[in-house]
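Peer 1: I'm passing along work09.cif; it holds mmCIF, C-alpha atoms.
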```
data_work
loop_
_atom_site.label_atom_id
_atom_site.label_comp_id
_atom_site.auth_asym_id
_atom_site.auth_seq_id
_atom_site.Cartn_x
_atom_site.Cartn_y
_atom_site.Cartn_z
CA MET A 1 157.69 161.85 47.87
CA SER A 2 154.76 164.04 46.72
CA LEU A 3 151.65 165.42 48.40
CA GLU A 4 149.73 162.52 46.82
CA THR A 5 151.98 159.86 48.31
CA ASN A 6 153.32 161.40 51.51
CA ARG A 7 153.03 159.80 54.91
CA ILE A 8 150.17 162.03 56.13
CA LYS A 9 147.89 161.19 53.21
CA THR A 10 148.82 157.51 53.45
CA CYS A 11 148.13 157.51 57.19
CA PHE A 12 144.64 158.97 56.83
CA GLU A 13 143.82 156.55 54.00
CA ARG A 14 144.87 153.62 56.20
CA LEU A 15 142.78 154.91 59.12
CA ARG A 16 139.71 155.39 56.92
CA GLY A 17 140.07 151.77 55.78
CA GLN A 18 140.13 150.70 59.43
CA GLU A 19 137.28 153.07 60.37
CA ARG A 20 139.51 154.63 63.01
CA LYS A 21 140.35 158.20 63.92
CA ALA A 22 143.86 159.61 64.07
CA LEU A 23 145.50 160.12 67.44
CA ILE A 24 148.07 162.92 67.16
CA PRO A 25 150.15 163.70 70.27
CA TYR A 26 152.08 166.95 70.52
CA ILE A 27 155.35 167.22 72.43
CA LEU A 28 158.00 169.91 72.45
CA ALA A 29 161.40 168.92 71.09
CA GLY A 30 164.12 169.01 73.71
CA ASP A 31 161.87 169.01 76.77
CA PRO A 32 163.10 167.23 78.75
CA PRO A 33 166.54 167.20 77.10
CA GLY A 34 167.79 163.97 75.59
CA LYS A 35 164.48 162.11 75.72
CA THR A 36 162.49 163.37 72.74
CA VAL A 37 163.24 160.55 70.29
CA ASP A 38 162.55 157.87 72.90
CA VAL A 39 159.26 159.58 73.73
CA MET A 40 158.30 159.71 70.04
CA HIS A 41 158.85 155.97 69.66
CA GLN A 42 156.90 155.22 72.82
CA LEU A 43 154.00 157.37 71.61
CA VAL A 44 153.85 155.37 68.38
CA ASP A 45 154.21 152.04 70.17
CA ASN A 46 151.24 152.99 72.37
CA GLY A 47 148.80 154.13 69.71
CA ALA A 48 149.86 157.43 68.14
CA ASP A 49 149.22 157.63 64.40
CA MET A 50 151.34 160.72 63.75
CA ILE A 51 153.30 163.20 65.87
CA GLU A 52 153.28 166.96 66.10
CA LEU A 53 156.74 168.01 67.25
CA GLY A 54 156.99 171.56 68.54
CA PHE A 55 160.23 173.44 68.06
CA PRO A 56 161.36 175.85 70.78
CA PHE A 57 160.75 179.58 70.57
CA SER A 58 161.35 182.30 73.13
CA ASP A 59 157.96 184.02 72.73
CA PRO A 60 155.23 181.39 72.17
CA VAL A 61 152.28 183.78 72.48
CA ALA A 62 149.59 181.31 71.36
CA ASP A 63 150.51 178.73 73.98
CA GLY A 64 149.25 178.45 77.53
CA PRO A 65 151.48 178.17 80.60
CA VAL A 66 152.23 174.44 80.31
CA ILE A 67 153.59 174.56 76.76
CA ALA A 68 155.05 178.07 77.13
CA GLN A 69 157.15 176.83 80.05
CA ALA A 70 158.26 173.84 77.97
CA HIS A 71 159.47 176.34 75.33
CA GLU A 72 161.35 178.23 78.04
CA ARG A 73 163.05 175.08 79.30
CA ALA A 74 164.06 173.93 75.81
CA VAL A 75 165.36 177.39 74.91
CA SER A 76 167.34 177.49 78.16
CA HIS A 77 168.95 174.18 77.19
CA GLY A 78 169.99 175.67 73.86
CA VAL A 79 167.78 173.46 71.67
CA THR A 80 167.81 174.80 68.09
CA LEU A 81 166.00 173.99 64.87
CA TYR A 82 169.12 172.09 63.79
CA ASP A 83 168.77 169.91 66.89
CA VAL A 84 165.11 169.31 66.04
CA PHE A 85 166.00 168.13 62.54
CA ALA A 86 168.58 165.80 64.06
CA MET A 87 165.89 164.36 66.35
CA VAL A 88 163.58 163.70 63.39
CA SER A 89 166.44 162.04 61.48
CA GLU A 90 167.19 159.82 64.46
CA PHE A 91 163.49 158.93 64.74
CA ARG A 92 163.40 158.06 61.03
CA ALA A 93 166.24 155.55 61.49
CA ARG A 94 163.71 153.27 63.23
CA ASP A 95 160.39 154.58 61.93
CA ASN A 96 159.94 155.52 58.30
CA VAL A 97 156.13 155.31 58.41
CA THR A 98 154.75 157.60 61.11
CA PRO A 99 154.17 161.17 59.88
CA VAL A 100 155.96 163.96 61.76
CA VAL A 101 154.62 167.53 61.65
CA LEU A 102 156.81 170.37 62.92
CA MET A 103 154.79 172.98 64.82
CA GLY A 104 156.06 176.37 65.90
CA TYR A 105 156.54 180.03 65.19
CA LEU A 106 157.87 181.80 62.12
CA ASN A 107 160.79 183.72 63.63
CA PRO A 108 163.30 180.82 63.88
CA VAL A 109 162.37 179.74 60.35
CA GLU A 110 162.91 183.23 58.94
CA ILE A 111 166.28 183.44 60.69
CA MET A 112 167.33 180.13 59.16
CA GLY A 113 165.88 181.09 55.76
CA TYR A 114 163.03 179.35 53.97
CA ASP A 115 165.31 177.52 51.51
CA ARG A 116 167.52 176.05 54.21
CA PHE A 117 164.56 175.20 56.47
CA VAL A 118 162.72 173.31 53.73
CA GLU A 119 165.89 171.56 52.58
CA LEU A 120 166.75 170.33 56.08
CA ALA A 121 163.15 169.43 56.92
CA SER A 122 162.89 167.32 53.78
CA GLN A 123 166.23 165.62 54.42
CA ALA A 124 165.26 164.83 58.02
CA GLY A 125 161.95 163.21 57.01
CA VAL A 126 159.45 165.87 58.08
CA ASP A 127 156.00 165.47 56.49
CA GLY A 128 154.26 168.71 57.38
CA VAL A 129 154.76 172.13 58.94
CA LEU A 130 152.34 174.16 61.06
CA MET A 131 153.36 177.78 61.61
CA VAL A 132 151.16 179.22 64.34
CA ASP A 133 151.75 182.86 63.37
CA LEU A 134 151.78 182.55 59.58
CA PRO A 135 148.38 183.16 57.94
CA PRO A 136 147.83 181.36 54.61
CA GLU A 137 147.71 184.58 52.60
CA ALA A 138 151.28 185.36 53.76
CA ALA A 139 152.61 181.82 53.33
CA GLY A 140 153.14 181.98 49.56
CA ASP A 141 156.86 181.23 49.10
CA LEU A 142 157.13 178.81 52.01
CA LEU A 143 153.95 177.01 50.96
CA VAL A 144 155.25 176.48 47.42
CA MET A 145 158.64 175.25 48.63
CA LEU A 146 157.07 172.79 51.07
CA HIS A 147 154.69 171.42 48.45
CA ASP A 148 157.52 171.06 45.94
CA CYS A 149 159.22 168.74 48.46
CA GLY A 150 156.03 166.78 49.18
CA MET A 151 155.40 168.38 52.58
CA ASP A 152 152.06 169.72 53.77
CA MET A 153 151.42 173.07 55.39
CA ILE A 154 148.88 172.49 58.13
CA ASN A 155 146.53 175.41 58.79
CA LEU A 156 144.63 176.45 61.90
CA ILE A 157 140.92 177.28 62.07
CA THR A 158 139.46 178.72 65.27
CA PRO A 159 135.91 179.09 66.65
CA THR A 160 135.87 182.69 65.39
CA THR A 161 137.25 182.13 61.88
CA SER A 162 134.82 183.60 59.34
CA ASP A 163 133.41 181.60 56.43
CA GLU A 164 135.35 183.87 54.06
CA ARG A 165 138.61 182.93 55.76
CA ILE A 166 137.66 179.25 56.01
CA THR A 167 137.14 179.29 52.25
CA LYS A 168 140.54 180.89 51.72
CA ILE A 169 142.28 178.48 54.10
CA CYS A 170 140.63 175.44 52.55
CA SER A 171 141.67 176.56 49.06
CA VAL A 172 145.32 175.95 49.99
CA ALA A 173 144.86 173.24 52.63
CA SER A 174 146.65 169.93 52.41
CA GLY A 175 147.39 167.19 54.93
CA TYR A 176 144.72 168.11 57.48
CA LEU A 177 143.09 171.11 59.09
CA TYR A 178 143.78 171.80 62.77
CA TYR A 179 140.59 173.06 64.40
CA VAL A 180 141.32 174.89 67.66
CA SER A 181 138.39 173.82 69.81
CA LEU A 182 138.71 176.58 72.42
CA LYS A 183 138.99 180.33 72.39
CA GLY A 184 142.27 181.27 74.05
CA VAL A 185 145.59 179.52 74.51
CA THR A 186 146.53 175.86 74.75
CA GLY A 187 145.43 173.99 77.87
CA ALA A 188 142.66 176.45 78.68
CA ALA A 189 139.04 176.05 79.73
CA THR A 190 136.61 173.19 79.33
CA LEU A 191 135.70 171.47 76.09
CA ASN A 192 132.13 171.84 74.81
CA THR A 193 131.81 168.84 72.53
CA THR A 194 128.43 169.91 71.16
CA GLU A 195 129.86 173.21 69.97
CA VAL A 196 132.91 171.42 68.56
CA GLU A 197 130.72 168.99 66.63
CA GLU A 198 128.64 171.80 65.13
CA ARG A 199 131.76 173.70 64.12
CA VAL A 200 133.56 170.68 62.66
CA ASN A 201 130.49 169.78 60.60
CA HIS A 202 130.37 173.36 59.36
CA ILE A 203 134.06 173.31 58.37
CA ARG A 204 133.54 170.04 56.48
CA ARG A 205 131.29 171.93 54.05
CA PHE A 206 134.40 173.80 52.88
CA ALA A 207 137.18 171.25 53.38
CA ASN A 208 138.49 168.45 51.20
CA VAL A 209 141.07 167.29 53.76
CA PRO A 210 140.59 165.68 57.21
CA VAL A 211 139.59 167.93 60.10
CA CYS A 212 141.44 167.26 63.35
CA VAL A 213 140.70 168.88 66.70
CA GLY A 214 143.11 170.06 69.34
CA PHE A 215 143.05 172.08 72.59
CA GLY A 216 141.17 170.77 75.60
CA ILE A 217 141.92 167.06 75.15
CA ARG A 218 142.72 166.03 78.71
CA ASP A 219 141.97 162.31 78.92
CA GLY A 220 140.41 159.31 77.24
CA GLU A 221 136.86 160.56 77.78
CA SER A 222 137.42 163.90 76.04
CA ALA A 223 139.43 162.23 73.26
CA ALA A 224 136.68 159.68 72.63
CA ALA A 225 134.06 162.45 72.48
CA ILE A 226 136.08 164.41 69.93
CA GLY A 227 136.88 161.23 68.00
CA ARG A 228 133.16 160.82 67.30
CA VAL A 229 133.02 164.07 65.33
CA ALA A 230 136.52 164.71 63.95
CA ASP A 231 138.98 162.82 61.78
CA GLY A 232 141.73 163.16 64.35
CA VAL A 233 142.34 164.07 67.98
CA ILE A 234 145.36 166.17 69.00
CA ALA A 235 146.59 165.91 72.60
CA GLY A 236 149.31 168.29 73.74
CA SER A 237 149.27 169.98 77.13
CA VAL A 238 148.40 166.81 79.05
CA LEU A 239 151.53 165.08 77.69
CA VAL A 240 153.81 168.10 78.00
CA SER A 241 152.65 168.45 81.61
CA GLU A 242 153.55 164.82 82.39
CA LEU A 243 157.02 165.28 80.90
CA ALA A 244 157.51 168.48 82.89
CA GLN A 245 156.44 166.88 86.15
CA TYR A 246 158.38 163.64 85.81
CA GLY A 247 161.11 164.51 83.32
CA SER A 248 163.87 164.18 85.92
CA GLU A 249 162.88 160.56 86.49
CA GLY A 250 164.21 159.40 83.12
CA GLN A 251 162.53 156.26 81.82
CA ALA A 252 159.75 156.62 84.37
CA ALA A 253 158.67 159.88 82.69
CA ILE A 254 158.63 158.22 79.28
CA ASP A 255 156.58 155.35 80.70
CA ARG A 256 154.01 157.77 82.17
CA VAL A 257 153.53 159.50 78.82
CA ALA A 258 153.28 156.14 77.08
CA SER A 259 150.64 155.06 79.58
CA ARG A 260 148.64 158.26 79.05
CA ILE A 261 148.62 157.95 75.25
CA ALA A 262 147.68 154.26 75.53
CA GLU A 263 144.74 155.25 77.77
CA ILE A 264 143.57 157.81 75.21
CA ARG A 265 143.97 155.35 72.31
CA SER A 266 142.05 152.68 74.17
CA ALA A 267 139.20 155.07 74.99
CA MET A 268 138.92 156.18 71.36
CA ASP A 269 138.92 152.61 70.05
CA ASP A 270 136.48 151.33 72.72
CA ASP A 271 134.10 154.18 71.91
CA ARG A 272 134.24 153.29 68.20
CA MET A 273 133.47 149.64 68.97
CA ASN A 274 130.43 150.67 71.02
CA GLU A 275 128.89 152.88 68.34
#
```
Let me see the structure of the file written as structure tokens.

Peer 2:
Amino acid sequence: MSLETNRIKTCFERLRGQERKALIPYILAGDPPGKTVDVMHQLVDNGADMIELGFPFSDPVADGPVIAQAHERAVSHGVTLYDVFAMVSEFRARDNVTPVVLMGYLNPVEIMGYDRFVELASQAGVDGVLMVDLPPEAAGDLLVMLHDCGMDMINLITPTTSDERITKICSVASGYLYYVSLKGVTGAATLNTTEVEERVNHIRRFANVPVCVGFGIRDGESAAAIGRVADGVIAGSVLVSELAQYGSEGQAAIDRVASRIAEIRSAMDDDRMNE
């Protein structure tokens, strides 16, 4: 698989042909324990186009309380990067189409070693990697190794990113750009869709890959609003919160998350039909 034929590029090409926007849920691997692969399949069955799968880290400084606590729970259950690769492999046994992007922090990857991380990610069927605390100018070796194996490195752009940095980020961007719609951590504040639209349109002047928006997507209404201006909508905290609240209920928790993603998908598609 190459960057020209990988699942992320193929997914966006399919969506463009259907005049639809990507729905990208984020969940944290191993929270709650033993349910991640079932949740991934349910997300796809209910409208997800690709999945961002967080891997646990003990100090997730860019995440708000909801996702930070999910990291804490997964770490306390001993979930490792090796476990995460095993989850992706198990997911791939039934689904060889839906892109999976690993999202997390650099420390566990450095401990494993770039070579081993890329090798295992490729073998498991990972399509992209987003390292929250790795700026593109410091990503050199890892970026090359990922691209050599046909995997994308997804980069973040925030409301305060300068045009100079946007230019630099876009020069190495592949897969898609993740625009952080809010200042602050995940799950914070209220979404200003007008500001997001202006910023996304500005980023498009520099970008030759899709621009997806995350942070602040709480329901179908906010997802539909973002879907009007971006190529993809990323929903994280709302799903992680459901799994935290109902995780002890087993299948009932999975059903609640499936219902929430179906609601968001339906709102995005209904909004498109009404344009």

Peer 1: The PyMOL selection byres ((chain A and resi 22) around 7) on the file shown: which residues, as number ranges by chain?

Peer 2: A: 15, 20-21, 23-24, 49, 231-233

Peer 1: Which residues fall under the PyMOL selection byres ((chain A and resi 51) around 6) in this file, as a ChimeraX atom specification?

Peer 2: /A:24-25,50,52,100

Peer 1: Taking the file as I've supplied it (selection: the PyMOL selection byres ((chain A and resi 5) around 12)), which residues are included? Please answer as a PDB file with C-alpha atoms, in the coordinates of the input.

Peer 2:
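What follows is the written file part-v4.pdb:
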```
ATOM      1  CA  MET A   1     157.690 161.850  47.870  1.00  0.00           C
ATOM      2  CA  SER A   2     154.760 164.040  46.720  1.00  0.00           C
ATOM      3  CA  LEU A   3     151.650 165.420  48.400  1.00  0.00           C
ATOM      4  CA  GLU A   4     149.730 162.520  46.820  1.00  0.00           C
ATOM      5  CA  ASN A   6     153.320 161.400  51.510  1.00  0.00           C
ATOM      6  CA  ARG A   7     153.030 159.800  54.910  1.00  0.00           C
ATOM      7  CA  ILE A   8     150.170 162.030  56.130  1.00  0.00           C
ATOM      8  CA  LYS A   9     147.890 161.190  53.210  1.00  0.00           C
ATOM      9  CA  THR A  10     148.820 157.510  53.450  1.00  0.00           C
ATOM     10  CA  CYS A  11     148.130 157.510  57.190  1.00  0.00           C
ATOM     11  CA  PHE A  12     144.640 158.970  56.830  1.00  0.00           C
ATOM     12  CA  GLU A  13     143.820 156.550  54.000  1.00  0.00           C
ATOM     13  CA  VAL A  97     156.130 155.310  58.410  1.00  0.00           C
ATOM     14  CA  PRO A  99     154.170 161.170  59.880  1.00  0.00           C
ATOM     15  CA  ASP A 127     156.000 165.470  56.490  1.00  0.00           C
ATOM     16  CA  HIS A 147     154.690 171.420  48.450  1.00  0.00           C
ATOM     17  CA  CYS A 149     159.220 168.740  48.460  1.00  0.00           C
ATOM     18  CA  GLY A 150     156.030 166.780  49.180  1.00  0.00           C
ATOM     19  CA  MET A 151     155.400 168.380  52.580  1.00  0.00           C
ATOM     20  CA  ASP A 152     152.060 169.720  53.770  1.00  0.00           C
ATOM     21  CA  GLY A 175     147.390 167.190  54.930  1.00  0.00           C
TER      22      GLY A 175
END
```

Peer 1: Could you list, as an MDAnalysis selection string, every residue within 8 Å of range 241-251 of chain A, counting only C-alpha atoms and ignoring same-chain residues fewer than 2 positions away?

Peer 2: chainID A and resid 31:32 35 66:67 70 237:239 253:257

Peer 1: Need the shell around Val79 in chain A: protein/DNA/RNA residues with any atom at most 10 Å away, counting all atoms listed in the file. Skip same-chain ones fewer than 4 positions apart. Format as an MDAnalysis selection string?

Peer 2: chainID A and resid 29:31 33 55:57 71 73:75 83:84

Peer 1: Counting all atoms listed in the file, which residue out of A:Val118, A:Pro159, A:Gly214, A:Val172 sits closest to Pro135 in chain A?

Peer 2: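 Ranking A:Val118, A:Pro159, A:Gly214, A:Val172 by distance to Pro135 in chain A, first place goes to A:Val172.
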
Peer 1: Please provide the set of residues having any atom within 10 Å of Leu53 in chain A, restricted to only C-alpha atoms, with same-chain residues fewer than 6 positions apart removed, written as a list in words.

Peer 2: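 After dropping sequence-adjacent residues, the list is Pro25, Tyr26, Ile27, Leu28, Ala29, Gly30, Thr36, Met40, Val84, Met87, Val88, Val100, Val101, Leu102, Met103, Gly104, Val126, Val129, Leu130 and Gly236 of chain A.
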
Peer 1: Enumerate, as a count of residues only, the protein, DNA and RNA residues whose atoms approach (137.7, 180.4, 59.1) to within 10 Å, taking into account only C-alpha atoms and the coordinate frame of the file.

Peer 2: 18

Peer 1: So the first atom is CA of Glu198 in chain A and the second is CA of Arg218 in chain A; what is the distance between them in Å, to one decimal place?

Peer 2: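 If I compute the distance from CA of Glu198 in chain A to CA of Arg218 in chain A, I get 20.4 Å.
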
Peer 1: Near Gly227 in chain A, counting only C-alpha atoms, which residues have an atom at most 12 Å away, once you skip same-chain residues fewer than 2 positions from it, shown as an MDAnalysis selection string?

Peer 2: chainID A and resid 19:24 193 196:197 200 211:214 217 220:225 229:235 264:272 275

Peer 1: Residues as selected, C-alpha atoms, written as a short mmCIF file (atom, residue, chain, number, x, y, z; two decimals), in the coordinates of the input, can you do that?

Peer 2:
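Result file is again.cif:
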```
data_model
loop_
_atom_site.label_atom_id
_atom_site.label_comp_id
_atom_site.auth_asym_id
_atom_site.auth_seq_id
_atom_site.Cartn_x
_atom_site.Cartn_y
_atom_site.Cartn_z
CA GLU A 19 137.28 153.07 60.37
CA ARG A 20 139.51 154.63 63.01
CA LYS A 21 140.35 158.20 63.92
CA ALA A 22 143.86 159.61 64.07
CA LEU A 23 145.50 160.12 67.44
CA ILE A 24 148.07 162.92 67.16
CA THR A 193 131.81 168.84 72.53
CA VAL A 196 132.91 171.42 68.56
CA GLU A 197 130.72 168.99 66.63
CA VAL A 200 133.56 170.68 62.66
CA VAL A 211 139.59 167.93 60.10
CA CYS A 212 141.44 167.26 63.35
CA VAL A 213 140.70 168.88 66.70
CA GLY A 214 143.11 170.06 69.34
CA ILE A 217 141.92 167.06 75.15
CA GLY A 220 140.41 159.31 77.24
CA GLU A 221 136.86 160.56 77.78
CA SER A 222 137.42 163.90 76.04
CA ALA A 223 139.43 162.23 73.26
CA ALA A 224 136.68 159.68 72.63
CA ALA A 225 134.06 162.45 72.48
CA VAL A 229 133.02 164.07 65.33
CA ALA A 230 136.52 164.71 63.95
CA ASP A 231 138.98 162.82 61.78
CA GLY A 232 141.73 163.16 64.35
CA VAL A 233 142.34 164.07 67.98
CA ILE A 234 145.36 166.17 69.00
CA ALA A 235 146.59 165.91 72.60
CA ILE A 264 143.57 157.81 75.21
CA ARG A 265 143.97 155.35 72.31
CA SER A 266 142.05 152.68 74.17
CA ALA A 267 139.20 155.07 74.99
CA MET A 268 138.92 156.18 71.36
CA ASP A 269 138.92 152.61 70.05
CA ASP A 270 136.48 151.33 72.72
CA ASP A 271 134.10 154.18 71.91
CA ARG A 272 134.24 153.29 68.20
CA GLU A 275 128.89 152.88 68.34
#
```
